[in-house]
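Asker: Here it is, the structure in full.
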Amino acid sequence: MTGGAAHDGPTGTGGAAHDGPAGTGRVARDAAAERAGAKPARTGRGGLQVVWIGLVLVALLAAFSVLAPRAFPTSFNLLNLVSDAAILLLLATGMTFVIITAGIDLSVGGVLVFSAVVAAKVTEATGSAALGAAGALVTGLAWGGLNGVLVALGRIPALIVTLGTLGMSLGGALLLTGGVDLRAPADLNLGLGLARWLGVPLIVWICAAITAALALALAFTRFGRHTYAIGSNAEAARRAGVAVRGHLIKVYGLAGLLAGLAGHLSLAKYGITGVSAHSTDNLQAIAAVVIGGTSLFGGVGTVAGTVIGVFIPVVLQNGFQILGVRPFWQQVVVGAVLVAAVYLDQWRRRARDQ
Amino acid sequence: MTGGAAHDGPTGTGGAAHDGPAGTGRVARDAAAERAGAKPARTGRGGLQVVWIGLVLVALLAAFSVLAPRAFPTSFNLLNLVSDAAILLLLATGMTFVIITAGIDLSVGGVLVFSAVVAAKVTEATGSAALGAAGALVTGLAWGGLNGVLVALGRIPALIVTLGTLGMSLGGALLLTGGVDLRAPADLNLGLGLARWLGVPLIVWICAAITAALALALAFTRFGRHTYAIGSNAEAARRAGVAVRGHLIKVYGLAGLLAGLAGHLSLAKYGITGVSAHSTDNLQAIAAVVIGGTSLFGGVGTVAGTVIGVFIPVVLQNGFQILGVRPFWQQVVVGAVLVAAVYLDQWRRRARDQ
Amino acid sequence: GGEGSGGGGDRIRVALVQGLAGEEFYETMACGARAKAKELGVDLDVQGPQKFDPTLQTPIVNSVVAGAPDAMLIAPTDVKAMIAPLTQAKQQNIKIILVDTVVEDPTIGLSRISTDNLKGGAAAAEALSEQVGGKGKVLVISTDPGVSTVDARIKGFEDEIKASHPGLTYVGVQYSHNDVGEASRIMNAALAKDADLAGVFATNLNSATGAGTALQQAGKLGKVKMVGFDAGPAQVKQLKDGVVQALIAQLPADIGAKGVEQAVAAVKGQEVTPSIPTDATIVTAANVDRPEVQKVLYKAGC
Amino acid sequence: MAVPLIAARGIVKSYGQVEALRGADFSLGAGEVVALIGDNGAGKSTLAKILSGVERPDGGTIEVDGEPVAFGSAEEARSAGIETVYQDLALCADLTPAANFFLGRERLRPGLLGLLGVLDNAAMRRATQDACERLGVRLPSQSAPVSALSGGQRQGVAVARAVTWARRAVFMDEPTAALGVVQTRRVLDLIRTVRDSGVSVVLISHNMQDVMAVSDRVEVLRLGRRVACFATAQASMEDLVGAMTGALEQQEGRP
Amino acid sequence: MAVPLIAARGIVKSYGQVEALRGADFSLGAGEVVALIGDNGAGKSTLAKILSGVERPDGGTIEVDGEPVAFGSAEEARSAGIETVYQDLALCADLTPAANFFLGRERLRPGLLGLLGVLDNAAMRRATQDACERLGVRLPSQSAPVSALSGGQRQGVAVARAVTWARRAVFMDEPTAALGVVQTRRVLDLIRTVRDSGVSVVLISHNMQDVMAVSDRVEVLRLGRRVACFATAQASMEDLVGAMTGALEQQEGRP
Ligand SMILES: Nc1ncnc2c1ncn2[C@@H]1O[C@H](COP(=O)(O)OP(=O)(O)OP(=O)(O)O)[C@@H](O)[C@H]1O
Ligand SMILES: Nc1ncnc2c1ncn2[C@@H]1O[C@H](COP(=O)(O)OP(=O)(O)OP(=O)(O)O)[C@@H](O)[C@H]1O
Ligand SMILES: [Mg+2]
Ligand SMILES: [Mg+2]
């Protein structure tokens, strides 16, 4: 599903494959201790970080397959699972970069909606779907860039900046639409929205390709290296000549760009701009990133982990609904299993580190 | 409004008044750099930290008073302001302790609702309002304790733990009520809910008194000192013999207890358990804490700052509504002013530190 | 107006407090109210919370009261929780007109122009039953539990099925938290679980959108029948695209306009109508182009 | 020979694939100053952390006063009277020097306020100031957080803290690395004073002059094992350096 | 005398109420080793940070090659060929030694991959290993993050990095504080080698033996001011200590 597996899977075991942040994904067994510069006991085997949480996901898939053999493990259901997770995946991937720099982005849902509105308006005005898509991307990039500038140059805490831009972008989207959802042009909704390739929706391919590319970029390129360095110790990165401010602007810009793309894809997929429908996107994306082993204190994390982190809640919800667990119980059980899954992950890692 | 002012106001200037975390409230001018142990340029004048953001609040109050002289600065309106903010203040105060330990608590809204449901059920079953209140407090404490245990002993990231308990408590509340809001017993709603003392609602007095007591506890007691120490460097605190795990359990327990009390007060004030309300409580509380100068990376912060952080968004919203700004514009403007306010705060502090 | 607090002029000032800002139903209501206010030459100020939530609506009512308008139209977000702030408003001599929803206290609200969501839910059951031919499994996808208006729709739907549609099997309600993605996931899981699902009642736009997308992906669009609620432009588009087969339309613009009329009458000391019930209309592809149905469709912007 | 205060045998500790200690022995008598020396990465800090209860060994035994112990936490070692200056100092950067000095042992106000847990900051500040000045470390301001101190000032606070609270033994992991000439001299004097008051000292240092000047015995760690023990009086600088680098292999003998 | 490589005059820097530098002067000639010494808190690290562009002075002038400069960032000093070993090392704890070594100057793969910004990790790992081994610092694993290294190993990485990249001058703020005997000797040798290759070195150290052994000149800082300058050959250990502690007040003269 993601190219992240290419370097984080067992093939990379032994850490010999790359010099990247060796402890990536080794979340804070005591995050507070870690950030304070105390030397946590961790080894350098960079290749294993997402294995345990990945196993948790596999175990969940297996359990649901056993419990609901005729409904859960069908290609129909699994394809839908993937298709529903695709857009969230984009947001979570951008969020991974942001969180690795020790930042946070609460504005993604608002930027998504704003970009979708721009795409709809532009397409309507010009009749060109390509221009609409471009409009969404540029808009997303602009919001992200604004976040980045305020965080990097204004030195305002990222939480406040993105809370502010969340309000601004959502309010702006409502102003542009008058609070009434805009519809996607039919050829977008019925074109990109429904298109498939090898039986898999085109939107899924797009999201998977971008996620894979970014997973590779984070792990193997200078851009990724600087992302980790800033989250690990921004002052040290600055002294070493990393253009910290510029890089932060790029990272937030990337997150905005992805949110803009997500807005366009969401418009294509759902056919409307969804001005009121994305208020929990930011928390969903952040949760996915953290479940995937990225520390909120920055410096460690992988896109592959995030991919798993996106799927765990989605699979839980789907599985429990198929099993016929009642909705209120679902909330309870999903919450409990989430905590248990991450606990297992932490516990196994600790055991291995002994 | 809060006793926090007693030590953080200008009287405390010079830092001679206490030995507490000297840089408290001096939020991360570059949080990432700070956490990494790089030595940020900051002075020890512990007394000034909330002055600038406090001035921002005063400026807002003055501006709205000038723009709407007959509606805004009336005792009626200001009393409403305070009364609307009171319950959030409790949540934000608990959140301040949690965030100073470098943790986070997303579950407060869920715990509030669950506690309110318990209070309503217990009062209904026993006919005793006191037992209902006790029920709410115990319930809140239990959820908070669970958070604390999972964070401290399970070493699961606080974000995941409290996201899990948010789902569990909300789902649990819905299970208990069948998804339908319970009504408060009339004598609670009409009693505590409406009672006033010196013209100010009793609920406001309760919240103010508790906030003041906790502000003092954070600044002047061993409990507060250990809270800062853990957030600053949990490993160092552990080595110095601070019972880090026990303390974390207490801090999350306190946050839960306050959420439980907030649930009871909310039941009294609104007369309903509000199972669908409160979904944004966690973000509101976190935002208030961060606006007030507490760093998400732990180790610095004050309750007095949080009090101001609670009021800034409330005042903005109220002022813009009175001025008749349309709702969508309000979202935009509140977002922008929030960022500007915190920027001003940061900027003034930097200038002073030169 | 800019000097909103002044009240220097002798124009009547009316405030409308929506149940939820940025939702088509309430925006359409605001449009209707604005048009009527312009016609009558009164100032109208519209406010609304970002969630259908009494704890968010209370501060708004309080600040509106602080501005001392002559009258307030409000869609209370809870029958009980909003009594206290509205009592306070009444004490400030503000004329209160309840629109869409009501509060328990009968002394509040000189006029009540209410929508009957129970009836709307029943209408949805009727429409869905007709679409699926009176038998099969039906599912409800809603937003959040505890939202009174939506809960009433669900209750009306359930009661109607129990009472008069024995052929339908009700498989329960799922909550999408007003997230299209979530609604889509719910629909997928529902299809995986009950491949023979016959119909869906989506209680609001986002639920219908998400569910519709899932049906489209599964190639079951039009095979699994769906009934939506409200009749904004997006919903009507869904109807025309075949995503939903029927819509339950209320009359928000009408409610807004009537509310302003009643408010002005109350301020001027003229006679007001204490209770004005409104109806729900079933809109289908077959009747949507008829003029009398066109009239009830919500307008985009104003 | 008397029962040693601390005796560790065969301590093993690995971090993932890195074996930091491969069966290290160590002993410390009552009232003696033992220097623990070794090359970078030899495992000195790891051993000190294990004997301070901060890290758990993977294998080996530790005895205090001849009784086997398993320190589960730093707290247990501390209550056995053992204090440590860690190489990374382990200070809370956001707290003042006084708050760090008294962390975990805060002094409370007398009377009711004390029962409520109210801190006696003035007294703690004075005591900290005094302790630091005894080392010749001048703190620019008592209200500045530790993050505002110079490297040497921070180390001074950490050393003063450990020495003040130790009742049986102090581990000092490179305590003078950041200290000035005068301050270093004072710390060495202090080590002697502490020893004379009956508290044992373990000095980890790369400065052979200091080691020779102040220690009674020297234990040498190399690649995670004890490779030599010397009585300081009978050893030359060359012996020590030879043992550390492996040029000289002494058969391990006396404890 | 030739134009000095770096000449700083009257540098003032305060942090809130603390005056770290009160008009400090400093000069460094091409190809010389200058030791900068002083008591704890004298302002040595602050001066080094200002001359490395990391902190901005409140007052005073800095000239490089006789041209006044105002370093706005560490990047500018670095592009003037100046590298620094900071006292707090300034390493990213989550990155590997090689990643730290090449931070900000990553080596890319040849060809298309390089254009895409793909890192050549193997090459960087080898180069880092070599540079550390030249200092006698053995890294247990190239894939372990810096947070897993011992104090001396970390310092080795920081020193190796600065020395490798410096073209005009290296500031070394207590570079051997955590290093072992052998490693310290190697660093002193390295300082000489570097000097011989034409790069100037500023050595901040509390170890007077090292200072005497390796420096050409000594500048003494006291309470934020330069109080003395010596040619090492003409100064005794007592002179240096006296100047640092204020026992000996030399009139400030030669630059
Ligand atoms: N937390 C850890 N994770 C992984 N490896 C570690 C960890 N702590 C120490 N090590 C490794 O264990 C070995 C011994 O480290 P230790 O810190 O005990 O050395 P030391 O003798 O104190 O060296 P120095 O003189 O440089 O301080 C080193 O190779 C180091 O890399
Ligand atoms: N960021 C800061 N904030 C406040 N005060 C500071 C800061 N940095 C340094 N100081 C103060 O400035 C003075 C000089 O500090 P500096 O680190 O330059 O000393 P130093 O000569 O390097 O000492 P050492 O030998 O102990 O490293 C000290 O008194 C210190 O407390
Ligand atoms: Mg060590
Ligand atoms: Mg220094």
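The chains in the structure tokens are called A, B, ... from first to last as shown; in each chain the residues are counted from 1, and the ligands are counted from 1 in the order shown.
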If you count only C-alpha atoms, which residues fall within 12 Å of Asp210 (chain E), apart from same-chain ones fewer than 3 positions away, as a compact mmCIF listing (two decimals) with all heavy atoms, in the first residue's frame?
Answerer:
```
# COMPACT_ATOMS: atom_id res chain seq x y z
N ASN D 207 41.05 12.86 34.03
CA ASN D 207 42.22 13.65 34.37
C ASN D 207 43.09 12.89 35.36
O ASN D 207 42.75 12.75 36.54
CB ASN D 207 41.77 14.99 34.97
CG ASN D 207 42.93 15.94 35.15
OD1 ASN D 207 44.01 15.51 35.59
ND2 ASN D 207 42.73 17.19 34.82
N VAL E 33 47.20 29.49 17.22
CA VAL E 33 46.32 28.85 18.19
C VAL E 33 46.22 29.77 19.39
O VAL E 33 47.22 30.05 20.05
CB VAL E 33 46.88 27.48 18.65
CG1 VAL E 33 45.98 26.87 19.71
CG2 VAL E 33 47.04 26.54 17.46
N VAL E 34 45.02 30.29 19.63
CA VAL E 34 44.81 31.17 20.77
C VAL E 34 43.98 30.43 21.80
O VAL E 34 42.94 29.86 21.48
CB VAL E 34 44.10 32.46 20.35
CG1 VAL E 34 43.73 33.29 21.58
CG2 VAL E 34 44.98 33.26 19.42
N ALA E 35 44.47 30.42 23.03
CA ALA E 35 43.66 29.83 24.10
C ALA E 35 42.85 30.94 24.74
O ALA E 35 43.38 32.02 25.03
CB ALA E 35 44.56 29.17 25.13
N LEU E 36 41.57 30.69 24.93
CA LEU E 36 40.70 31.66 25.60
C LEU E 36 40.34 31.03 26.94
O LEU E 36 39.67 29.99 26.98
CB LEU E 36 39.45 31.89 24.75
CG LEU E 36 38.42 32.87 25.29
CD1 LEU E 36 39.00 34.26 25.46
CD2 LEU E 36 37.22 32.92 24.33
N ILE E 37 40.83 31.65 28.01
CA ILE E 37 40.60 31.02 29.31
C ILE E 37 39.89 32.00 30.23
O ILE E 37 39.79 33.19 29.95
CB ILE E 37 41.91 30.52 29.95
CG1 ILE E 37 42.84 31.69 30.27
CG2 ILE E 37 42.60 29.51 29.06
CD1 ILE E 37 44.07 31.29 31.06
N GLU E 174 35.87 23.95 25.13
CA GLU E 174 36.15 22.80 25.99
C GLU E 174 36.01 21.48 25.23
O GLU E 174 35.22 20.62 25.59
CB GLU E 174 35.26 22.83 27.24
CG GLU E 174 35.29 24.23 27.87
CD GLU E 174 34.77 24.28 29.29
OE1 GLU E 174 34.61 23.21 29.90
OE2 GLU E 174 34.55 25.39 29.78
N PRO E 175 36.82 21.31 24.17
CA PRO E 175 36.63 20.17 23.28
C PRO E 175 37.07 18.85 23.89
O PRO E 175 36.68 17.79 23.41
CB PRO E 175 37.51 20.51 22.08
CG PRO E 175 38.61 21.34 22.66
CD PRO E 175 37.95 22.15 23.73
N THR E 176 37.89 18.90 24.93
CA THR E 176 38.39 17.63 25.48
C THR E 176 37.79 17.33 26.84
O THR E 176 38.21 16.39 27.50
CB THR E 176 39.92 17.68 25.60
OG1 THR E 176 40.27 18.75 26.50
CG2 THR E 176 40.59 17.93 24.27
N ALA E 177 36.77 18.11 27.26
CA ALA E 177 36.24 17.94 28.61
C ALA E 177 35.80 16.52 28.89
O ALA E 177 35.97 16.01 29.98
CB ALA E 177 35.08 18.91 28.83
N VAL E 181 42.17 10.03 27.95
CA VAL E 181 43.55 10.48 27.90
C VAL E 181 44.10 10.43 26.47
O VAL E 181 44.65 11.41 25.97
CB VAL E 181 44.41 9.60 28.83
CG1 VAL E 181 45.86 10.03 28.75
CG2 VAL E 181 43.88 9.67 30.25
N THR E 184 42.29 12.85 24.15
CA THR E 184 42.69 14.24 24.41
C THR E 184 44.01 14.53 23.73
O THR E 184 44.20 15.56 23.06
CB THR E 184 42.81 14.48 25.91
OG1 THR E 184 41.56 14.23 26.51
CG2 THR E 184 43.23 15.91 26.21
N ARG E 185 44.94 13.59 23.86
CA ARG E 185 46.24 13.77 23.24
C ARG E 185 46.08 13.92 21.73
O ARG E 185 46.69 14.80 21.11
CB ARG E 185 47.10 12.54 23.56
CG ARG E 185 48.47 12.90 24.09
CD ARG E 185 49.23 11.64 24.43
NE ARG E 185 49.09 11.22 25.82
CZ ARG E 185 49.30 9.97 26.25
NH1 ARG E 185 49.61 9.00 25.40
NH2 ARG E 185 49.19 9.68 27.52
N ARG E 186 45.22 13.10 21.16
CA ARG E 186 45.01 13.18 19.71
C ARG E 186 44.43 14.51 19.30
O ARG E 186 44.77 15.06 18.26
CB ARG E 186 44.06 12.06 19.25
CG ARG E 186 44.57 10.69 19.54
CD ARG E 186 45.03 10.00 18.29
NE ARG E 186 45.33 8.62 18.60
CZ ARG E 186 44.76 7.58 17.99
NH1 ARG E 186 43.87 7.79 17.05
NH2 ARG E 186 45.09 6.36 18.31
N VAL E 187 43.51 15.02 20.13
CA VAL E 187 42.91 16.30 19.76
C VAL E 187 43.96 17.40 19.80
O VAL E 187 44.02 18.26 18.92
CB VAL E 187 41.73 16.64 20.69
CG1 VAL E 187 41.28 18.08 20.51
CG2 VAL E 187 40.56 15.71 20.41
N LEU E 188 44.85 17.34 20.81
CA LEU E 188 45.91 18.35 20.88
C LEU E 188 46.80 18.25 19.65
O LEU E 188 47.17 19.26 19.03
CB LEU E 188 46.70 18.20 22.16
CG LEU E 188 45.89 18.41 23.45
CD1 LEU E 188 46.78 18.32 24.68
CD2 LEU E 188 45.15 19.73 23.45
N ASP E 189 47.13 17.02 19.27
CA ASP E 189 47.92 16.84 18.05
C ASP E 189 47.19 17.42 16.85
O ASP E 189 47.77 18.11 16.01
CB ASP E 189 48.17 15.34 17.79
CG ASP E 189 49.13 14.76 18.81
OD1 ASP E 189 49.82 15.55 19.50
OD2 ASP E 189 49.18 13.52 18.94
N ILE E 191 45.02 19.74 16.78
CA ILE E 191 45.03 21.20 16.79
C ILE E 191 46.30 21.71 16.13
O ILE E 191 46.29 22.63 15.31
CB ILE E 191 44.89 21.73 18.23
CG1 ILE E 191 43.47 21.46 18.74
CG2 ILE E 191 45.21 23.21 18.30
CD1 ILE E 191 43.24 21.86 20.18
N ARG E 192 47.41 21.06 16.45
CA ARG E 192 48.67 21.48 15.83
C ARG E 192 48.63 21.24 14.33
O ARG E 192 49.02 22.11 13.54
CB ARG E 192 49.84 20.70 16.45
CG ARG E 192 50.11 21.13 17.88
CD ARG E 192 51.41 20.54 18.42
NE ARG E 192 51.40 20.59 19.88
CZ ARG E 192 51.07 19.58 20.67
NH1 ARG E 192 50.77 18.39 20.15
NH2 ARG E 192 51.06 19.72 21.97
N LEU E 203 41.05 27.84 21.36
CA LEU E 203 40.82 26.74 22.29
C LEU E 203 40.33 27.32 23.60
O LEU E 203 41.04 28.09 24.26
CB LEU E 203 42.12 25.97 22.51
CG LEU E 203 42.07 24.89 23.60
CD1 LEU E 203 41.17 23.75 23.17
CD2 LEU E 203 43.48 24.36 23.92
N ILE E 204 39.12 26.96 23.98
CA ILE E 204 38.61 27.33 25.29
C ILE E 204 38.80 26.11 26.18
O ILE E 204 38.34 25.01 25.84
CB ILE E 204 37.13 27.72 25.23
CG1 ILE E 204 36.96 28.93 24.30
CG2 ILE E 204 36.59 28.02 26.62
CD1 ILE E 204 35.52 29.36 24.11
N SER E 205 39.50 26.27 27.29
CA SER E 205 39.77 25.10 28.11
C SER E 205 40.05 25.51 29.54
O SER E 205 40.49 26.64 29.81
CB SER E 205 40.97 24.33 27.55
OG SER E 205 41.28 23.24 28.40
N HIS E 206 39.74 24.62 30.46
CA HIS E 206 40.11 24.85 31.86
C HIS E 206 41.37 24.07 32.23
O HIS E 206 41.80 24.10 33.37
CB HIS E 206 38.97 24.42 32.78
CG HIS E 206 37.76 25.31 32.69
ND1 HIS E 206 37.81 26.63 33.01
CD2 HIS E 206 36.49 25.06 32.32
CE1 HIS E 206 36.62 27.17 32.85
NE2 HIS E 206 35.80 26.23 32.41
N ASN E 207 41.91 23.36 31.26
CA ASN E 207 43.09 22.55 31.55
C ASN E 207 44.34 23.31 31.16
O ASN E 207 44.67 23.44 29.97
CB ASN E 207 42.99 21.22 30.79
CG ASN E 207 44.07 20.27 31.22
OD1 ASN E 207 45.24 20.66 31.38
ND2 ASN E 207 43.71 19.02 31.44
N ALA E 213 50.50 23.57 26.46
CA ALA E 213 51.13 22.66 25.50
C ALA E 213 50.85 23.05 24.06
O ALA E 213 51.68 22.84 23.19
CB ALA E 213 50.64 21.23 25.74
N VAL E 214 49.72 23.63 23.81
CA VAL E 214 49.30 23.73 22.42
C VAL E 214 49.14 25.15 21.89
O VAL E 214 49.18 25.37 20.68
CB VAL E 214 48.01 22.90 22.21
CG1 VAL E 214 46.79 23.69 22.65
CG2 VAL E 214 47.89 22.43 20.78
N SER E 215 48.98 26.12 22.79
CA SER E 215 48.62 27.45 22.27
C SER E 215 49.84 28.31 21.96
O SER E 215 50.91 28.12 22.52
CB SER E 215 47.74 28.18 23.29
OG SER E 215 48.49 28.51 24.43
N ASP E 216 49.65 29.28 21.04
CA ASP E 216 50.67 30.28 20.78
C ASP E 216 50.47 31.48 21.68
O ASP E 216 51.41 32.10 22.14
CB ASP E 216 50.59 30.72 19.32
CG ASP E 216 50.77 29.55 18.37
OD1 ASP E 216 51.67 28.73 18.62
OD2 ASP E 216 49.98 29.43 17.41
N VAL E 218 47.60 33.32 24.75
CA VAL E 218 46.50 33.08 25.67
C VAL E 218 45.79 34.41 25.90
O VAL E 218 46.44 35.43 26.13
CB VAL E 218 47.01 32.55 27.03
CG1 VAL E 218 45.84 32.29 27.98
CG2 VAL E 218 47.83 31.30 26.85
N THR E 232 52.26 32.55 25.01
CA THR E 232 52.35 31.38 25.87
C THR E 232 53.78 31.11 26.33
O THR E 232 54.03 30.76 27.48
CB THR E 232 51.82 30.13 25.13
OG1 THR E 232 50.56 30.47 24.56
CG2 THR E 232 51.68 28.96 26.07
N MET E 237 52.23 29.08 34.38
CA MET E 237 50.93 28.62 34.83
C MET E 237 50.35 29.57 35.87
O MET E 237 49.16 29.86 35.88
CB MET E 237 51.12 27.23 35.44
CG MET E 237 49.89 26.43 35.55
SD MET E 237 49.62 25.37 34.11
CE MET E 237 50.71 24.01 34.44
```
Asker: Can you list, as a ChimeraX atom specification, every residue of region 58-230 of chain E that DSSP puts in strand (DSSP E or B)?
Answerer: /E:59-64,67-69,82-85,108,118-119,169-173,200-204,217-222,225-230
Asker: Any idea what's packed within 8 Å of region 114-120 of chain E, counting only C-alpha atoms, ignoring anything in its chain fewer than 4 positions away? Could you give it as a PyMOL selection string?
Answerer: (chain A and resi 217+220-223) or (chain E and resi 106-110+124)
Asker: Per DSSP on the backbone, what are the helix (DSSP H, G or I) residues of region 9-238 of chain D, as a ChimeraX atom specification?
Answerer: /D:44-51,74-79,97-101,111-115,121-134,146-148,151-165,181-196,208-214,232-234,237-238
Asker: Hey, which residues sit close to ligand 3? Say within 12 Å, counting only C-alpha atoms and all ligand atoms, and write them as number ranges by chain.
Answerer: A: 39; D: 20, 36-49, 85-89, 171-175, 177, 203-206, 221; E: 148-155, 177-180
Asker: Calculate how many Å separate CA of Gly259 (chain C) from CA of Asp116 (chain C), rounding to one decimal.
Answerer: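 We find that CA of Gly259 (chain C) and CA of Asp116 (chain C) lie 16.0 Å from each other.
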Asker: Fewer than 3 positions away in the same chain doesn't count, so skip those; otherwise give me all residues within 10 Å of Leu60 (chain B), counting only C-alpha atoms, as a PyMOL selection string.
Answerer: chain B and resi 54-57+63-66+312+315-316+319+337+341
Asker: Please produce a file of the residues just selected, as a compact mmCIF listing (two decimals), in the first residue's frame, where the atoms kept are C-alpha atoms.
Answerer:
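What landed in part.txt:
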```txt
# COMPACT_ATOMS: atom_id res chain seq x y z
CA GLY B 54 -2.83 40.23 30.05
CA LEU B 55 -2.34 43.60 28.39
CA VAL B 56 -3.67 42.14 25.17
CA LEU B 57 -6.82 41.12 27.02
CA ALA B 63 -11.53 48.34 22.27
CA PHE B 64 -14.91 46.66 22.54
CA SER B 65 -15.96 49.11 25.23
CA VAL B 66 -15.21 51.98 22.90
CA ILE B 312 -9.39 36.06 25.22
CA VAL B 315 -14.24 38.13 24.90
CA LEU B 316 -13.50 38.15 21.19
CA GLY B 319 -17.48 41.44 21.40
CA VAL B 337 -6.93 38.18 16.24
CA ALA B 341 -2.55 38.47 20.16
```
Asker: Output as a PyMOL selection string the set of chain B residues within 8 Å of chain A, with distances taken over only C-alpha atoms.
Answerer: chain B and resi 28-38+101-102+154-157+159-161+163-172+174-175+230-236+287+290-291+297-298+328-336+338-339+342-343+346
Asker: I'd like the neighbourhood of Ala7 (chain D) as a list in words, where a residue qualifies if any of its atoms comes within 7 Å (using only C-alpha atoms), though same-chain residues fewer than 6 positions away should be ignored.
Answerer: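 What passes the distance filter is Phe26, Ser27, Leu28, Ile62, Glu63 and Val64 of chain D.
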Asker: Would you put the residues from that selection into a file with N, CA, C and O atoms, as a PDB file, in the first residue's frame?
Answerer:
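New file selection-v7.pdb:
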```pdb
ATOM      1  N   PHE D  26      33.249  -4.427  40.652  1.00  0.00           N
ATOM      2  CA  PHE D  26      33.573  -3.142  41.250  1.00  0.00           C
ATOM      3  C   PHE D  26      33.403  -3.268  42.746  1.00  0.00           C
ATOM      4  O   PHE D  26      32.507  -3.956  43.223  1.00  0.00           O
ATOM      5  N   SER D  27      34.286  -2.613  43.493  1.00  0.00           N
ATOM      6  CA  SER D  27      34.034  -2.593  44.933  1.00  0.00           C
ATOM      7  C   SER D  27      34.473  -1.269  45.513  1.00  0.00           C
ATOM      8  O   SER D  27      35.353  -0.581  44.998  1.00  0.00           O
ATOM      9  N   LEU D  28      33.797  -0.896  46.580  1.00  0.00           N
ATOM     10  CA  LEU D  28      34.030   0.384  47.217  1.00  0.00           C
ATOM     11  C   LEU D  28      33.978   0.154  48.720  1.00  0.00           C
ATOM     12  O   LEU D  28      32.974  -0.361  49.235  1.00  0.00           O
ATOM     13  N   ILE D  62      24.800  -7.215  43.024  1.00  0.00           N
ATOM     14  CA  ILE D  62      25.260  -6.028  43.740  1.00  0.00           C
ATOM     15  C   ILE D  62      25.016  -6.267  45.223  1.00  0.00           C
ATOM     16  O   ILE D  62      23.937  -6.723  45.605  1.00  0.00           O
ATOM     17  N   GLU D  63      26.037  -6.014  46.038  1.00  0.00           N
ATOM     18  CA  GLU D  63      25.852  -6.118  47.478  1.00  0.00           C
ATOM     19  C   GLU D  63      26.154  -4.783  48.121  1.00  0.00           C
ATOM     20  O   GLU D  63      27.110  -4.113  47.756  1.00  0.00           O
ATOM     21  N   VAL D  64      25.330  -4.393  49.082  1.00  0.00           N
ATOM     22  CA  VAL D  64      25.627  -3.225  49.895  1.00  0.00           C
ATOM     23  C   VAL D  64      25.768  -3.713  51.324  1.00  0.00           C
ATOM     24  O   VAL D  64      24.870  -4.404  51.825  1.00  0.00           O
TER      25      VAL D  64
END
```
Asker: Would you list which chain E residues are within 6 Å of chain A using only C-alpha atoms, as a list in words?
Answerer: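 Result: Ala74, Glu75, Ala90, Leu91, Cys92, Asp94, Leu95, Gly104, Gly117, Val118, Leu119, Asn121, Ser143, Ala144, Pro145 and Ser147 of chain E.
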